[in-house]
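Chemist: Okay, handing you the structure first.
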Number of protein chains: 2
Amino acid sequence: MPTPRRTPLSRDRILRAGIRLADRQGIDALSMRRLATALRVEAMSLYNHVANKDELLDGMVDSVIGEITLPALGGDWKATMRARAHSALAVMTTHPWAPMLIVARITVGPNRLRYIDATLGALREAGLSWAETDRAWNTLDNYIFGYALQQQHFPVSPDEYASAAASYLPMIPAASYPYMHELSSKVADGSHDGLPDFVFGLELILDGLDRLRGRPWQDRG
Amino acid sequence: MPTPRRTPLSRDRILRAGIRLADRQGIDALSMRRLATALRVEAMSLYNHVANKDELLDGMVDSVIGEITLPALGGDWKATMRARAHSALAVMTTHPWAPMLIVARITVGPNRLRYIDATLGALREAGLSWAETDRAWNTLDNYIFGYALQQQHFPVSPDEYASAAASYLPMIPAASYPYMHELSSKVADGSHDGLPDFVFGLELILDGLDRLRGRPWQDRG
DNA sequence: AGTGGAAACATACACCGTAAGTTAGTGTTG
DNA sequence: CAACACTAACTTACGGTGTATGTTTCCACT
């Protein structure tokens with residue numbers, strides 16, 4: 001027997017397998033038994049490395065947050081925050097189950113701490129007060145993860161969006177829902193794409209922060 | 001036997017009981033069996049009125065959305081949208097389980113349709129193009145529900161926030177997380193409340209939309 | 001060679017959503 | 001009034017869940 005017949009389990013191996021499984025089969029498919037099977041092991045063996053399922057999910061979340069490229073200090077703050085937002089969204093797109101868990105459990109792992117710290121740094125060095133930095137960070141992340149959630153659960157894919165709008169149109173009578181009806185019509189006939197637009201809200205917020213930044217001195221701490 | 005010994009079930013009674021149960025015990029406590037028990041009935045009887053648990057949740061969600069006061073047409077658009085946002089947040093605070101379900105399942109009931117339609121109307125009549133209206137609505141709702149989610153899962157209550165920050169401080173060494181550490185210090189010593197601030201991001205977005213609105217004509221449809 | 005401890009396995013429990021089948025009560029019709 | 005159809009309740013059962021508890025295997029060290 002040259003190779004050990006049992007490759008040993010480890011917390012890291014479990015986390016990676018969990019992420020893989022959730023990526024491929026969806027978060028609902030991630031049960032302790034199924035994850036164990038994927039690792040060719042019995043369910044209870046996992047408990048030697050993670051306390052329980054919640055801790056497993058926390059670990060997966062923090063690992064995924066680690067994939068987001070950290071904002072760097074010293075450059076143009078707006079470009080930095082823009083890049084951070086797009087990186088976060090990209091990671092959330094690769095792991096569609098992640099945003100829900102991120103907002104559902106606040107527990108912070110080391111990666112999340114690092115992520116928050118770098119964000120605070122970029123905003124603070126951009127000239128915002130501490131209070132403004134705190135609020136700016138929250139506003140950005142609320143928007144980013146809110147967008148990721150909405151995008152993830154969208155029922156139709158972008159390319160079939162127009163045809164979907166056309167087929168839903170009868171269920172939105174103009175008499176009851178005039179604006180909804182007209183907007184859907186525009187999507188159906190192609191005069192408006194109707195696609196979710198991450199950039200729109202992001203730039204709105206960034207511009208708003210910029211105006212705040214350029215404001216004359218007042219309650220700054 | 002003057003009164004019927006069994007008060008008949010109904011979809012509406014089930015929905016209301018579900019909302020009550022979720023409000024009081026949390027959404028995890030809402031199982032078909034427990035809900036049935038609360039209604040003094042067997043679990044399977046519920047299936048005569050709702051197709052399955054998902055449909056039950058959809059009904060609860062749409063009912064809750066119906067509690068949000070609809071934006072009215074004709075007034076100051078900004079005040080209207082501000083009121084809408086605060087009403088939505090208030091409803092999400094009364095039913096803390098709701099925002100998660102709202103973003104998790106896109107299915108639209110009549111109340112949600114009405115809610116969206118009124119929102120589109122207010123924005124459209126404020127002078128935004130259809131594309132801008134669509135994007136503005138999404139930006140606002142991403143922020144509102146993102147905020148509600150974050151607020152709901154916050155681990156400590158506002159009044160013990162400062163003391164919580166003080167106790168967490170040792171876990172955030174200044175060497176590893178300088179900005180996070182300093183921000184937490186400011187919360188601990190009371191020089192920054194650190195509380196989530198709904199208004200900050202909301203007004204940022206509303207101001208941004210206002211600037212868009214006053215912009216010279218271009219791609220407007 | 002023997003032994004201690006880590007980590008795997010096995011069993012069991014209470015709970016979940018719901019398919020399928022059965023029974024009770026009520027309103028309609030002959 | 002009797003017979004019936006329908007609705008909506010109940011009962012049972014199945015395969016799944018997270019995990020507490022107890023047992024066994026195997027490796028690394030003396």
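Identifiers in this document derive from the order of the structure tokens: chains are assigned A, B, ..., residues are numbered from 1 separately in each chain, and ligands are numbered from 1 in order of occurrence.
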Using only C-alpha atoms (C1' of nucleotides), find the residues of chain A whose closest atom to chain C is at most 8 Å away, then write them as a list of chain:residue names.
Modeler: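 So the residues of chain A near chain C are A:Glu42, A:Ser45, A:Asn48.
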Chemist: Per residue of chain B within 12 Å of chain D, which atom pair is closest and at what distance in Å (one decimal), using only C-alpha atoms (C1' of nucleotides), listed by chain and increasing number, as JSON lines?
Modeler:
{"residue": "B:Arg6", "atom": "CA", "partner": "D:DA9", "partner_atom": "C1'", "distance": 9.4}
{"residue": "B:Thr7", "atom": "CA", "partner": "D:DA9", "partner_atom": "C1'", "distance": 11.1}
{"residue": "B:Pro8", "atom": "CA", "partner": "D:DA8", "partner_atom": "C1'", "distance": 8.6}
{"residue": "B:Leu9", "atom": "CA", "partner": "D:DA8", "partner_atom": "C1'", "distance": 8.6}
{"residue": "B:Ser10", "atom": "CA", "partner": "D:DA8", "partner_atom": "C1'", "distance": 10.3}
{"residue": "B:Arg40", "atom": "CA", "partner": "D:DA9", "partner_atom": "C1'", "distance": 11.6}
{"residue": "B:Val41", "atom": "CA", "partner": "D:DA9", "partner_atom": "C1'", "distance": 8.4}
{"residue": "B:Glu42", "atom": "CA", "partner": "D:DC10", "partner_atom": "C1'", "distance": 7.0}
{"residue": "B:Ala43", "atom": "CA", "partner": "D:DC10", "partner_atom": "C1'", "distance": 9.4}
{"residue": "B:Met44", "atom": "CA", "partner": "D:DC10", "partner_atom": "C1'", "distance": 8.1}
{"residue": "B:Ser45", "atom": "CA", "partner": "D:DA9", "partner_atom": "C1'", "distance": 6.2}
{"residue": "B:Leu46", "atom": "CA", "partner": "D:DA9", "partner_atom": "C1'", "distance": 9.6}
{"residue": "B:Tyr47", "atom": "CA", "partner": "D:DA8", "partner_atom": "C1'", "distance": 9.8}
{"residue": "B:Asn48", "atom": "CA", "partner": "D:DA8", "partner_atom": "C1'", "distance": 6.8}
{"residue": "B:His49", "atom": "CA", "partner": "D:DA8", "partner_atom": "C1'", "distance": 9.3}
Chemist: Keeping N, CA and C atoms, export the residues of the selection given above as an mmCIF file, in the first residue's frame.
Modeler:
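Writing done, so here's selection.cif:
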data_model
loop_
_atom_site.group_PDB
_atom_site.id
_atom_site.type_symbol
_atom_site.label_atom_id
_atom_site.label_comp_id
_atom_site.auth_asym_id
_atom_site.auth_seq_id
_atom_site.Cartn_x
_atom_site.Cartn_y
_atom_site.Cartn_z
ATOM 1 N N ARG B 6 -65.486 22.933 14.200
ATOM 2 C CA ARG B 6 -64.252 23.263 13.485
ATOM 3 C C ARG B 6 -64.416 24.577 12.737
ATOM 4 N N THR B 7 -63.679 25.597 13.153
ATOM 5 C CA THR B 7 -63.673 26.811 12.343
ATOM 6 C C THR B 7 -62.905 26.504 11.062
ATOM 7 N N PRO B 8 -63.511 26.795 9.937
ATOM 8 C CA PRO B 8 -62.889 26.389 8.675
ATOM 9 C C PRO B 8 -61.590 27.139 8.418
ATOM 10 N N LEU B 9 -60.659 26.440 7.814
ATOM 11 C CA LEU B 9 -59.400 27.042 7.401
ATOM 12 C C LEU B 9 -59.622 27.906 6.163
ATOM 13 N N SER B 10 -58.684 28.750 5.861
ATOM 14 C CA SER B 10 -58.723 29.488 4.598
ATOM 15 C C SER B 10 -57.311 29.956 4.300
ATOM 16 N N ARG B 40 -54.452 24.772 15.191
ATOM 17 C CA ARG B 40 -55.200 23.654 15.758
ATOM 18 C C ARG B 40 -55.710 22.726 14.666
ATOM 19 N N VAL B 41 -54.759 22.298 13.864
ATOM 20 C CA VAL B 41 -55.092 21.538 12.667
ATOM 21 C C VAL B 41 -53.913 20.642 12.348
ATOM 22 N N GLU B 42 -54.086 19.656 11.519
ATOM 23 C CA GLU B 42 -52.957 18.812 11.129
ATOM 24 C C GLU B 42 -52.207 19.427 9.957
ATOM 25 N N ALA B 43 -50.923 19.086 9.845
ATOM 26 C CA ALA B 43 -50.077 19.714 8.839
ATOM 27 C C ALA B 43 -50.668 19.592 7.432
ATOM 28 N N MET B 44 -51.102 18.415 7.088
ATOM 29 C CA MET B 44 -51.526 18.185 5.705
ATOM 30 C C MET B 44 -52.773 18.961 5.320
ATOM 31 N N SER B 45 -53.510 19.401 6.293
ATOM 32 C CA SER B 45 -54.714 20.171 5.988
ATOM 33 C C SER B 45 -54.373 21.492 5.314
ATOM 34 N N LEU B 46 -53.198 22.000 5.614
ATOM 35 C CA LEU B 46 -52.787 23.265 5.007
ATOM 36 C C LEU B 46 -52.722 23.147 3.489
ATOM 37 N N TYR B 47 -52.399 21.936 3.034
ATOM 38 C CA TYR B 47 -52.199 21.757 1.597
ATOM 39 C C TYR B 47 -53.496 21.824 0.807
ATOM 40 N N ASN B 48 -54.608 21.904 1.500
ATOM 41 C CA ASN B 48 -55.865 22.152 0.785
ATOM 42 C C ASN B 48 -55.988 23.613 0.367
ATOM 43 N N HIS B 49 -55.153 24.454 0.935
ATOM 44 C CA HIS B 49 -55.295 25.893 0.673
ATOM 45 C C HIS B 49 -54.041 26.532 0.082
#
Chemist: Using only C-alpha atoms, which of A:Glu125, A:Asp159, A:Glu55, A:Glu132 sits nearest A:Leu212?
Modeler: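 Among A:Glu125, A:Asp159, A:Glu55, A:Glu132, it is A:Glu132 that comes nearest to A:Leu212.
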Chemist: Considering only C-alpha atoms, tabulate each residue of chain A that lies at most 7 Å from chain B along with its nearest interatomic pair and the corresponding distance in Å to one decimal; arrange the rows by chain and ascending residue number and present them as a Markdown table.
Modeler:
| residue | atom | partner | partner_atom | distance |
| --- | --- | --- | --- | --- |
| A:Val103 | CA | B:Gln150 | CA | 5.9 |
| A:Ala104 | CA | B:His153 | CA | 6.3 |
| A:Arg105 | CA | B:His153 | CA | 6.5 |
| A:Ile106 | CA | B:His153 | CA | 6.4 |
| A:Arg114 | CA | B:Tyr177 | CA | 6.7 |
| A:Asp117 | CA | B:Met180 | CA | 5.0 |
| A:Leu120 | CA | B:Tyr179 | CA | 6.1 |
| A:Gly121 | CA | B:Tyr179 | CA | 5.7 |
| A:Trp130 | CA | B:Leu183 | CA | 6.8 |
| A:Ala131 | CA | B:His192 | CA | 6.5 |
| A:Arg135 | CA | B:Asp197 | CA | 6.6 |
| A:Thr139 | CA | B:Gly201 | CA | 5.2 |
| A:Asn142 | CA | B:Gly146 | CA | 4.6 |
| A:Tyr143 | CA | B:Tyr143 | CA | 4.9 |
| A:Phe145 | CA | B:Gly146 | CA | 6.8 |
| A:Gly146 | CA | B:Asn142 | CA | 4.6 |
| A:Tyr147 | CA | B:Asn142 | CA | 5.6 |
| A:Leu149 | CA | B:Val103 | CA | 6.4 |
| A:Gln150 | CA | B:Val103 | CA | 6.0 |
| A:His153 | CA | B:Ala104 | CA | 6.3 |
| A:Phe154 | CA | B:Ile106 | CA | 6.6 |
| A:Tyr177 | CA | B:Asp117 | CA | 5.7 |
| A:Tyr179 | CA | B:Asp117 | CA | 5.5 |
| A:Met180 | CA | B:Asp117 | CA | 5.0 |
| A:Leu183 | CA | B:Trp130 | CA | 6.8 |
| A:His192 | CA | B:Ala131 | CA | 6.5 |
| A:Asp197 | CA | B:Arg135 | CA | 6.6 |
| A:Phe200 | CA | B:Arg135 | CA | 6.8 |
| A:Gly201 | CA | B:Thr139 | CA | 5.2 |
| A:Leu204 | CA | B:Gly208 | CA | 5.5 |
| A:Ile205 | CA | B:Ile205 | CA | 6.2 |
| A:Gly208 | CA | B:Leu204 | CA | 5.5 |
Chemist: Quick one: pull the distance between atom CA of A:Gly75 and atom CA of A:Gly214, Å, one decimal.
Modeler: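 One can read the atom CA of A:Gly75 to atom CA of A:Gly214 distance as 17.1 Å.
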Chemist: Could you go through chain A and tell me which residues DSSP, when run on the backbone, assigns to helix (DSSP H, G or I), listing them as a VMD selection string?
Modeler: chain A and resid 11 to 25 27 to 29 32 to 38 43 to 48 53 to 65 77 to 94 98 to 104 110 to 125 130 to 152 158 to 171 178 to 188 198 to 213
Chemist: Skip A:Ala17 itself and residues of its chain fewer than 6 positions away, then list as JSON, numbers by chain all residues within 12 Å of it, counting only C-alpha atoms (C1' of nucleotides).
Modeler: {"A": [9, 10, 11, 23, 24, 25, 30, 31, 32, 34, 35, 36, 37, 38, 39, 40, 46, 56, 57, 59, 60, 63]}
Chemist: For A:Asp210, list every protein, DNA or RNA residue within 10 Å, evaluated using only C-alpha atoms (C1' of nucleotides), and leave out those in the same chain fewer than 6 positions away; present the list as number ranges by chain.
Modeler: A: 77-78, 126-128, 204
Chemist: Only C-alpha atoms, please: the residues just picked out, written as a compact mmCIF listing (two decimals), in the first residue's frame.
Modeler:
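File written: again26.txt
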# COMPACT_ATOMS: atom_id res chain seq x y z
CA TRP A 77 -9.97 56.71 -4.31
CA LYS A 78 -12.83 56.59 -6.78
CA ALA A 126 -9.83 60.02 0.44
CA GLY A 127 -10.69 62.71 2.95
CA LEU A 128 -13.92 61.52 4.54
CA LEU A 204 -24.54 57.48 -8.39
